[in-house]
Amino acid sequence: MKKVAIIGAGASGLLSAIFCAKAHATNKAAFEADVDLYEQNEKCAKKILVSGNGRCNITNRDINIDDFFSQNPLFVKDALHAFGFEEFKNFTSGIGLALDVKEDGRAYPLSNEAKSVASLFTNYATSLGVKIHTDSKITDIQELLGRYDAVIVATGSQAAEHLGGNDDGLKFAKEVGHTIVPTYPSLVQLHLSSVAHKMAGAKIEGEVTLLINHKKDSTCRGDILFTNYGVSGFAVLDISQRASTALMNYEAVDISVNLLPNFNMQKLSAHISKVAQEIPGFSILDILTGLIPVKIASSLLSSLDVPHAMNAKEIHTKLAKKIANQILNWRFEVSDTHGFRHAEVSGGGVDTLEINPKTMESLKQKNLYFCGEVLDVLGRRGGYNFAWAWASGYAAAKDITKF
């Protein structure tokens, strides 16, 4: 009887527990397993439950190694090849969990509920004989290695500490001699050092360009939400990985916000001038309110020192162009991220040069495995981090149960 301990009942921990126990259930003569799954929280899968605003973007149909960030970028290749989208889809189909795959490749449970995923995975693990120990925080990795034939560290990262995020896995890794790549928050909101708080609560579909040391780095389109500390929204989350690493390296970080990406300079300035001519009773704030939320319009005019009550008759061509330029290219200095607590995931982690890419086994400590977010692997937004959790959890379980 092989005894297996798994630390962390999140995505990678649950899946690795299932496949360790499943090998026992289907190949009793060849492999026997006693699987203990330790979870520090009072219930399993807390991050699954809140993912995708409760809908759970469970994976992505179009998985490529270029969708992942790591100091060792090729590390993910073997695991994702062995347990990619089709393999995961076959697995979920086998437990009755149907997927709804969107045109852009993002996959959700057909139920549209994250709790369906958490419940089915947990109950399936239990049905296979996995013993789940909740409210059980592991602090001594050596003691566990002494009691079990194999130990999987699936503790996640420091992200979302209110859901149990911590650096326990990194401490375990250090204890057996692993190198830790510096960690940073990702898929996280950004702090701005100017007038953003005056627009708190205002939201718009736009485009955000990230500038590193005053040079264009990347551009993302999506919703932009201004907050009392800075800016959030999908467009911001999508650039946050690069912004976070640049801040960590003390580089100059700015963003350029395009509030109306479907306009160009000529079209927008002409629109402002035309409305000003046709409705002379309007103020400049009235004109902009027809284009962008009033809170944003008000702050934008203040940033240009243009009086909100300026009459349309006073708006000349040069001013219309100046206002249009600010709408299409409003620059803000990024002072910080909103931190690990508010981040969906974390970059950095256990150096993957010290991990077997086919099995997730430590090259420093035999029979010790690391999977999921504790490793220096970070996916883009869109189900990629879950895809890595499933693939790495499967790789560890497959190696442990080989015969």
# chains A, B, ... in the order shown; residues from 1 in each chain; ligands from 1
call {"tool": "select_by_dssp", "arguments": {"residues": "segment 37-151 of chain A", "states": "strand (DSSP E or B)", "output": "PyMOL selection string"}}
result
chain A and resi 37-38+59-60+68-69+99-101+106-109+131-133+150-151
call {"tool": "closest_residue", "arguments": {"among": "A:Leu288, A:Ile95, A:Met248, A:Ile204", "to": "Ser119 of chain A", "atoms": "only C-alpha atoms"}}
result
A:Ile95
call {"tool": "residues_around", "arguments": {"residues": "His214 of chain A", "least_positions_apart": "2", "cutoff": "12 Å", "atoms": "only C-alpha atoms", "output": "list in words"}}
result
Thr209, Leu210, Leu211, Ile212, Lys216, Asp217, Ser218, Ala246, Glu251, Ala252, Val253, Asp254, Ile255, Ser256, Arg331, Phe332, Glu333 and Val334 of chain A
call {"tool": "write_last_selection", "arguments": {"atoms": "C-alpha atoms", "output": "mmCIF file, in the first residue's frame"}}
result
data_model
loop_
_atom_site.group_PDB
_atom_site.id
_atom_site.type_symbol
_atom_site.label_atom_id
_atom_site.label_comp_id
_atom_site.auth_asym_id
_atom_site.auth_seq_id
_atom_site.Cartn_x
_atom_site.Cartn_y
_atom_site.Cartn_z
ATOM 1 C CA THR A 209 -1.393 50.663 -23.208
ATOM 2 C CA LEU A 210 1.408 49.795 -20.810
ATOM 3 C CA LEU A 211 4.575 51.887 -21.008
ATOM 4 C CA ILE A 212 7.801 50.641 -19.418
ATOM 5 C CA LYS A 216 5.232 50.986 -25.364
ATOM 6 C CA ASP A 217 5.161 47.444 -23.996
ATOM 7 C CA SER A 218 1.665 46.074 -24.670
ATOM 8 C CA ALA A 246 8.538 46.139 -13.979
ATOM 9 C CA GLU A 251 11.380 50.559 -13.692
ATOM 10 C CA ALA A 252 9.210 53.531 -14.647
ATOM 11 C CA VAL A 253 5.667 52.292 -15.268
ATOM 12 C CA ASP A 254 2.884 54.318 -16.900
ATOM 13 C CA ILE A 255 -0.358 53.564 -18.670
ATOM 14 C CA SER A 256 -2.042 55.357 -21.527
ATOM 15 C CA ARG A 331 -1.483 59.080 -19.331
ATOM 16 C CA PHE A 332 -1.164 58.028 -15.703
ATOM 17 C CA GLU A 333 1.848 57.045 -13.636
ATOM 18 C CA VAL A 334 1.531 53.618 -12.010
#
call {"tool": "residues_around", "arguments": {"residues": "segment 10-26 of chain A", "least_positions_apart": "4", "cutoff": "9 Å", "atoms": "only C-alpha atoms", "output": "PyMOL selection string"}}
result
chain A and resi 4-6+30-37+39+44-48+118+121-122+124-126+128-130+152-156+371-373+386+388-398+400-402
call {"tool": "write_last_selection", "arguments": {"atoms": "N, CA and C atoms", "output": "short mmCIF file (atom, residue, chain, number, x, y, z; two decimals), in the first residue's frame"}}
result
data_model
loop_
_atom_site.label_atom_id
_atom_site.label_comp_id
_atom_site.auth_asym_id
_atom_site.auth_seq_id
_atom_site.Cartn_x
_atom_site.Cartn_y
_atom_site.Cartn_z
N VAL A 4 0.10 8.34 0.11
CA VAL A 4 0.32 9.61 -0.57
C VAL A 4 -0.32 10.74 0.24
N ALA A 5 0.45 11.81 0.48
CA ALA A 5 -0.08 13.00 1.14
C ALA A 5 -0.08 14.16 0.16
N ILE A 6 -1.17 14.90 0.13
CA ILE A 6 -1.28 16.08 -0.74
C ILE A 6 -1.61 17.27 0.14
N ALA A 30 -2.32 -3.92 -9.40
CA ALA A 30 -1.03 -3.33 -9.73
C ALA A 30 -0.64 -2.19 -8.79
N PHE A 31 -1.65 -1.50 -8.26
CA PHE A 31 -1.33 -0.32 -7.46
C PHE A 31 -2.36 -0.14 -6.36
N GLU A 32 -1.88 0.07 -5.17
CA GLU A 32 -2.77 0.37 -4.05
C GLU A 32 -2.35 1.69 -3.46
N ALA A 33 -3.31 2.53 -3.15
CA ALA A 33 -2.98 3.85 -2.63
C ALA A 33 -3.85 4.22 -1.44
N ASP A 34 -3.22 4.90 -0.53
CA ASP A 34 -3.91 5.48 0.61
C ASP A 34 -3.66 6.97 0.51
N VAL A 35 -4.67 7.73 0.09
CA VAL A 35 -4.47 9.14 -0.23
C VAL A 35 -5.09 10.04 0.84
N ASP A 36 -4.24 10.90 1.44
CA ASP A 36 -4.70 11.90 2.41
C ASP A 36 -4.52 13.28 1.80
N LEU A 37 -5.60 14.04 1.79
CA LEU A 37 -5.59 15.39 1.24
C LEU A 37 -5.80 16.37 2.39
N GLU A 39 -6.17 20.16 3.88
CA GLU A 39 -6.61 21.50 3.50
C GLU A 39 -6.71 22.38 4.75
N CYS A 44 -12.91 22.70 0.94
CA CYS A 44 -12.02 22.62 -0.22
C CYS A 44 -12.35 23.68 -1.27
N ALA A 45 -11.40 23.91 -2.14
CA ALA A 45 -11.62 24.63 -3.41
C ALA A 45 -12.14 26.05 -3.27
N LYS A 46 -11.65 26.79 -2.29
CA LYS A 46 -12.15 28.15 -2.09
C LYS A 46 -11.87 29.06 -3.29
N LYS A 47 -10.69 28.91 -3.91
CA LYS A 47 -10.38 29.77 -5.05
C LYS A 47 -11.19 29.36 -6.28
N ILE A 48 -11.48 28.08 -6.40
CA ILE A 48 -12.36 27.64 -7.50
C ILE A 48 -13.72 28.29 -7.35
N ALA A 118 -16.40 22.70 -7.86
CA ALA A 118 -15.88 22.39 -6.52
C ALA A 118 -16.58 21.17 -5.92
N PHE A 121 -15.71 17.76 -8.02
CA PHE A 121 -14.34 17.32 -7.78
C PHE A 121 -14.16 16.77 -6.37
N THR A 122 -14.71 17.48 -5.39
CA THR A 122 -14.58 17.04 -4.00
C THR A 122 -15.30 15.72 -3.77
N TYR A 124 -16.19 13.48 -5.98
CA TYR A 124 -15.59 12.38 -6.74
C TYR A 124 -14.34 11.86 -6.03
N ALA A 125 -13.53 12.78 -5.51
CA ALA A 125 -12.34 12.37 -4.76
C ALA A 125 -12.73 11.51 -3.57
N THR A 126 -13.75 11.94 -2.86
CA THR A 126 -14.21 11.19 -1.68
C THR A 126 -14.74 9.82 -2.09
N LEU A 128 -13.74 8.00 -4.41
CA LEU A 128 -12.62 7.13 -4.77
C LEU A 128 -11.80 6.71 -3.55
N GLY A 129 -12.18 7.22 -2.39
CA GLY A 129 -11.49 6.82 -1.16
C GLY A 129 -10.50 7.84 -0.63
N VAL A 130 -10.41 9.01 -1.26
CA VAL A 130 -9.51 10.05 -0.75
C VAL A 130 -10.03 10.54 0.60
N ILE A 152 2.81 15.58 -2.23
CA ILE A 152 2.58 16.61 -3.26
C ILE A 152 2.28 17.93 -2.57
N VAL A 153 3.05 18.96 -2.92
CA VAL A 153 2.80 20.31 -2.40
C VAL A 153 1.98 21.06 -3.43
N ALA A 154 0.73 21.31 -3.10
CA ALA A 154 -0.19 22.03 -3.99
C ALA A 154 -0.83 23.17 -3.21
N THR A 155 0.02 23.94 -2.55
CA THR A 155 -0.43 24.95 -1.59
C THR A 155 -0.83 26.27 -2.23
N GLY A 156 -0.62 26.41 -3.54
CA GLY A 156 -0.94 27.69 -4.18
C GLY A 156 0.13 28.72 -3.88
N CYS A 371 3.15 21.16 -7.55
CA CYS A 371 2.29 21.42 -8.72
C CYS A 371 1.43 22.65 -8.49
N GLY A 372 0.95 23.20 -9.60
CA GLY A 372 0.10 24.37 -9.54
C GLY A 372 0.87 25.66 -9.37
N GLU A 373 0.26 26.59 -8.66
CA GLU A 373 0.75 27.96 -8.59
C GLU A 373 1.99 28.15 -7.72
N PHE A 386 -5.81 27.64 -14.49
CA PHE A 386 -6.46 26.36 -14.18
C PHE A 386 -5.89 25.25 -15.06
N TRP A 388 -2.95 24.94 -16.15
CA TRP A 388 -1.67 24.52 -15.58
C TRP A 388 -1.88 23.71 -14.30
N ALA A 389 -2.85 24.10 -13.49
CA ALA A 389 -3.15 23.35 -12.27
C ALA A 389 -3.52 21.90 -12.60
N TRP A 390 -4.40 21.73 -13.59
CA TRP A 390 -4.83 20.37 -13.97
C TRP A 390 -3.65 19.58 -14.53
N ALA A 391 -2.89 20.19 -15.43
CA ALA A 391 -1.80 19.47 -16.10
C ALA A 391 -0.70 19.07 -15.13
N SER A 392 -0.32 19.98 -14.24
CA SER A 392 0.77 19.67 -13.30
C SER A 392 0.31 18.68 -12.23
N GLY A 393 -0.96 18.80 -11.80
CA GLY A 393 -1.49 17.84 -10.83
C GLY A 393 -1.56 16.44 -11.41
N TYR A 394 -1.94 16.35 -12.67
CA TYR A 394 -2.01 15.06 -13.35
C TYR A 394 -0.61 14.45 -13.49
N ALA A 395 0.37 15.28 -13.86
CA ALA A 395 1.74 14.80 -14.05
C ALA A 395 2.29 14.18 -12.77
N ALA A 396 2.03 14.84 -11.65
CA ALA A 396 2.52 14.32 -10.36
C ALA A 396 1.83 13.00 -10.03
N ALA A 397 0.53 12.95 -10.18
CA ALA A 397 -0.22 11.73 -9.86
C ALA A 397 0.19 10.57 -10.75
N LYS A 398 0.39 10.85 -12.03
CA LYS A 398 0.78 9.81 -12.98
C LYS A 398 2.12 9.19 -12.60
N ILE A 400 3.53 9.18 -9.53
CA ILE A 400 3.40 8.48 -8.25
C ILE A 400 2.75 7.11 -8.42
N THR A 401 1.81 7.02 -9.35
CA THR A 401 1.04 5.78 -9.52
C THR A 401 1.59 4.87 -10.61
N LYS A 402 2.73 5.21 -11.15
CA LYS A 402 3.28 4.34 -12.22
C LYS A 402 3.69 2.99 -11.60
#
call {"tool": "residues_around", "arguments": {"residues": "segment 292-297 of chain A", "least_positions_apart": "6", "cutoff": "7 Å", "atoms": "only C-alpha atoms", "output": "NGL selection string"}}
result
:A and (199 or 202 or 285)
call {"tool": "atom_distance", "arguments": {"atom1": "atom CA of His271 of chain A", "atom2": "atom CA of Gly222 of chain A"}}
result
23.4 Å
call {"tool": "select_by_dssp", "arguments": {"residues": "segment 87-299 of chain A", "states": "alpha helix (DSSP H)", "output": "count of residues only"}}
result
78
call {"tool": "closest_residue", "arguments": {"among": "A:Leu260, A:Met360, A:Leu97, A:Val195", "to": "Ile327 of chain A", "atoms": "only C-alpha atoms"}}
result
A:Leu260
call {"tool": "atom_distance", "arguments": {"atom1": "atom CA of Ser232 of chain A", "atom2": "atom CA of Glu161 of chain A"}}
result
18.9 Å
call {"tool": "residues_around", "arguments": {"residues": "Ser302 of chain A", "least_positions_apart": "2", "cutoff": "12 Å", "atoms": "only C-alpha atoms", "output": "ChimeraX atom specification"}}
result
/A:194-196,198-199,284-285,295-300,304-310,323,326
call {"tool": "write_last_selection", "arguments": {"atoms": "N, CA and C atoms", "output": "PDB file, in the first residue's frame"}}
result
ATOM      1  N   SER A 194      -2.343  59.817  -9.649  1.00  0.00           N
ATOM      2  CA  SER A 194      -2.980  61.098  -9.983  1.00  0.00           C
ATOM      3  C   SER A 194      -4.465  61.094  -9.636  1.00  0.00           C
ATOM      4  N   VAL A 195      -5.303  61.603 -10.514  1.00  0.00           N
ATOM      5  CA  VAL A 195      -6.685  61.969 -10.170  1.00  0.00           C
ATOM      6  C   VAL A 195      -7.687  60.821 -10.234  1.00  0.00           C
ATOM      7  N   ALA A 196      -7.242  59.600 -10.319  1.00  0.00           N
ATOM      8  CA  ALA A 196      -8.163  58.483 -10.553  1.00  0.00           C
ATOM      9  C   ALA A 196      -9.254  58.387  -9.490  1.00  0.00           C
ATOM     10  N   LYS A 198     -11.025  60.504  -8.124  1.00  0.00           N
ATOM     11  CA  LYS A 198     -12.186  61.355  -8.403  1.00  0.00           C
ATOM     12  C   LYS A 198     -13.168  60.684  -9.360  1.00  0.00           C
ATOM     13  N   MET A 199     -12.710  59.610 -10.020  1.00  0.00           N
ATOM     14  CA  MET A 199     -13.565  58.890 -10.970  1.00  0.00           C
ATOM     15  C   MET A 199     -14.034  57.556 -10.402  1.00  0.00           C
ATOM     16  N   ILE A 284     -18.960  72.450 -22.379  1.00  0.00           N
ATOM     17  CA  ILE A 284     -18.033  71.411 -22.819  1.00  0.00           C
ATOM     18  C   ILE A 284     -18.293  70.103 -22.058  1.00  0.00           C
ATOM     19  N   LEU A 285     -18.707  70.200 -20.787  1.00  0.00           N
ATOM     20  CA  LEU A 285     -19.024  69.003 -20.019  1.00  0.00           C
ATOM     21  C   LEU A 285     -20.229  68.282 -20.623  1.00  0.00           C
ATOM     22  N   LYS A 295     -18.401  61.340 -14.621  1.00  0.00           N
ATOM     23  CA  LYS A 295     -17.287  61.434 -13.665  1.00  0.00           C
ATOM     24  C   LYS A 295     -15.952  61.498 -14.397  1.00  0.00           C
ATOM     25  N   ILE A 296     -15.836  60.691 -15.433  1.00  0.00           N
ATOM     26  CA  ILE A 296     -14.593  60.664 -16.203  1.00  0.00           C
ATOM     27  C   ILE A 296     -14.444  61.963 -16.983  1.00  0.00           C
ATOM     28  N   ALA A 297     -15.535  62.418 -17.584  1.00  0.00           N
ATOM     29  CA  ALA A 297     -15.499  63.668 -18.344  1.00  0.00           C
ATOM     30  C   ALA A 297     -15.075  64.834 -17.468  1.00  0.00           C
ATOM     31  N   SER A 298     -15.625  64.892 -16.271  1.00  0.00           N
ATOM     32  CA  SER A 298     -15.316  65.972 -15.341  1.00  0.00           C
ATOM     33  C   SER A 298     -13.835  65.967 -14.957  1.00  0.00           C
ATOM     34  N   SER A 299     -13.314  64.790 -14.624  1.00  0.00           N
ATOM     35  CA  SER A 299     -11.905  64.693 -14.228  1.00  0.00           C
ATOM     36  C   SER A 299     -10.972  64.981 -15.397  1.00  0.00           C
ATOM     37  N   LEU A 300     -11.356  64.556 -16.576  1.00  0.00           N
ATOM     38  CA  LEU A 300     -10.530  64.793 -17.759  1.00  0.00           C
ATOM     39  C   LEU A 300     -10.407  66.294 -18.034  1.00  0.00           C
ATOM     40  N   LEU A 304      -6.990  69.034 -17.745  1.00  0.00           N
ATOM     41  CA  LEU A 304      -6.555  69.958 -18.804  1.00  0.00           C
ATOM     42  C   LEU A 304      -6.762  71.421 -18.424  1.00  0.00           C
ATOM     43  N   ASP A 305      -7.250  71.636 -17.189  1.00  0.00           N
ATOM     44  CA  ASP A 305      -7.570  72.994 -16.721  1.00  0.00           C
ATOM     45  C   ASP A 305      -8.603  73.677 -17.605  1.00  0.00           C
ATOM     46  N   VAL A 306      -9.550  72.894 -18.093  1.00  0.00           N
ATOM     47  CA  VAL A 306     -10.642  73.439 -18.901  1.00  0.00           C
ATOM     48  C   VAL A 306     -11.874  73.561 -17.998  1.00  0.00           C
ATOM     49  N   PRO A 307     -12.449  74.766 -17.860  1.00  0.00           N
ATOM     50  CA  PRO A 307     -13.634  74.938 -17.008  1.00  0.00           C
ATOM     51  C   PRO A 307     -14.796  74.072 -17.503  1.00  0.00           C
ATOM     52  N   HIS A 308     -15.449  73.368 -16.566  1.00  0.00           N
ATOM     53  CA  HIS A 308     -16.548  72.472 -16.939  1.00  0.00           C
ATOM     54  C   HIS A 308     -17.699  73.226 -17.594  1.00  0.00           C
ATOM     55  N   ALA A 309     -17.870  74.469 -17.182  1.00  0.00           N
ATOM     56  CA  ALA A 309     -19.009  75.251 -17.680  1.00  0.00           C
ATOM     57  C   ALA A 309     -18.686  76.031 -18.951  1.00  0.00           C
ATOM     58  N   MET A 310     -17.499  75.828 -19.502  1.00  0.00           N
ATOM     59  CA  MET A 310     -17.125  76.555 -20.727  1.00  0.00           C
ATOM     60  C   MET A 310     -18.204  76.375 -21.795  1.00  0.00           C
ATOM     61  N   ILE A 323      -8.614  68.217 -26.332  1.00  0.00           N
ATOM     62  CA  ILE A 323      -9.508  67.378 -25.536  1.00  0.00           C
ATOM     63  C   ILE A 323      -9.578  65.971 -26.133  1.00  0.00           C
ATOM     64  N   GLN A 326      -6.558  63.939 -25.244  1.00  0.00           N
ATOM     65  CA  GLN A 326      -6.581  63.442 -23.859  1.00  0.00           C
ATOM     66  C   GLN A 326      -7.509  62.231 -23.731  1.00  0.00           C
TER      67      GLN A 326
END
call {"tool": "residues_around", "arguments": {"residues": "Asn264 of chain A", "least_positions_apart": "3", "cutoff": "12 Å", "atoms": "only C-alpha atoms", "output": "JSON, numbers by chain"}}
result
{"A": [258, 259, 260, 261, 267, 268, 269, 270, 271, 321, 324, 325, 326, 327, 328, 329]}
call {"tool": "write_last_selection", "arguments": {"atoms": "C-alpha atoms", "output": "PDB file, in the first residue's frame"}}
result
ATOM      1  CA  ASN A 258      -7.837  55.302 -24.648  1.00  0.00           C
ATOM      2  CA  LEU A 259     -11.416  55.925 -23.565  1.00  0.00           C
ATOM      3  CA  LEU A 260     -12.855  55.713 -27.095  1.00  0.00           C
ATOM      4  CA  PRO A 261     -10.792  53.246 -29.160  1.00  0.00           C
ATOM      5  CA  LYS A 267     -13.124  61.892 -36.087  1.00  0.00           C
ATOM      6  CA  LEU A 268     -13.305  62.699 -32.378  1.00  0.00           C
ATOM      7  CA  SER A 269     -12.193  66.333 -32.603  1.00  0.00           C
ATOM      8  CA  ALA A 270     -14.592  66.853 -35.511  1.00  0.00           C
ATOM      9  CA  HIS A 271     -17.437  65.398 -33.410  1.00  0.00           C
ATOM     10  CA  LYS A 321      -8.099  68.534 -30.674  1.00  0.00           C
ATOM     11  CA  ALA A 324      -9.714  64.593 -28.143  1.00  0.00           C
ATOM     12  CA  ASN A 325      -6.046  63.784 -27.612  1.00  0.00           C
ATOM     13  CA  GLN A 326      -6.581  63.442 -23.859  1.00  0.00           C
ATOM     14  CA  ILE A 327      -9.548  61.123 -24.413  1.00  0.00           C
ATOM     15  CA  LEU A 328      -7.512  58.914 -26.734  1.00  0.00           C
ATOM     16  CA  ASN A 329      -4.212  59.080 -24.865  1.00  0.00           C
TER      17      ASN A 329
END
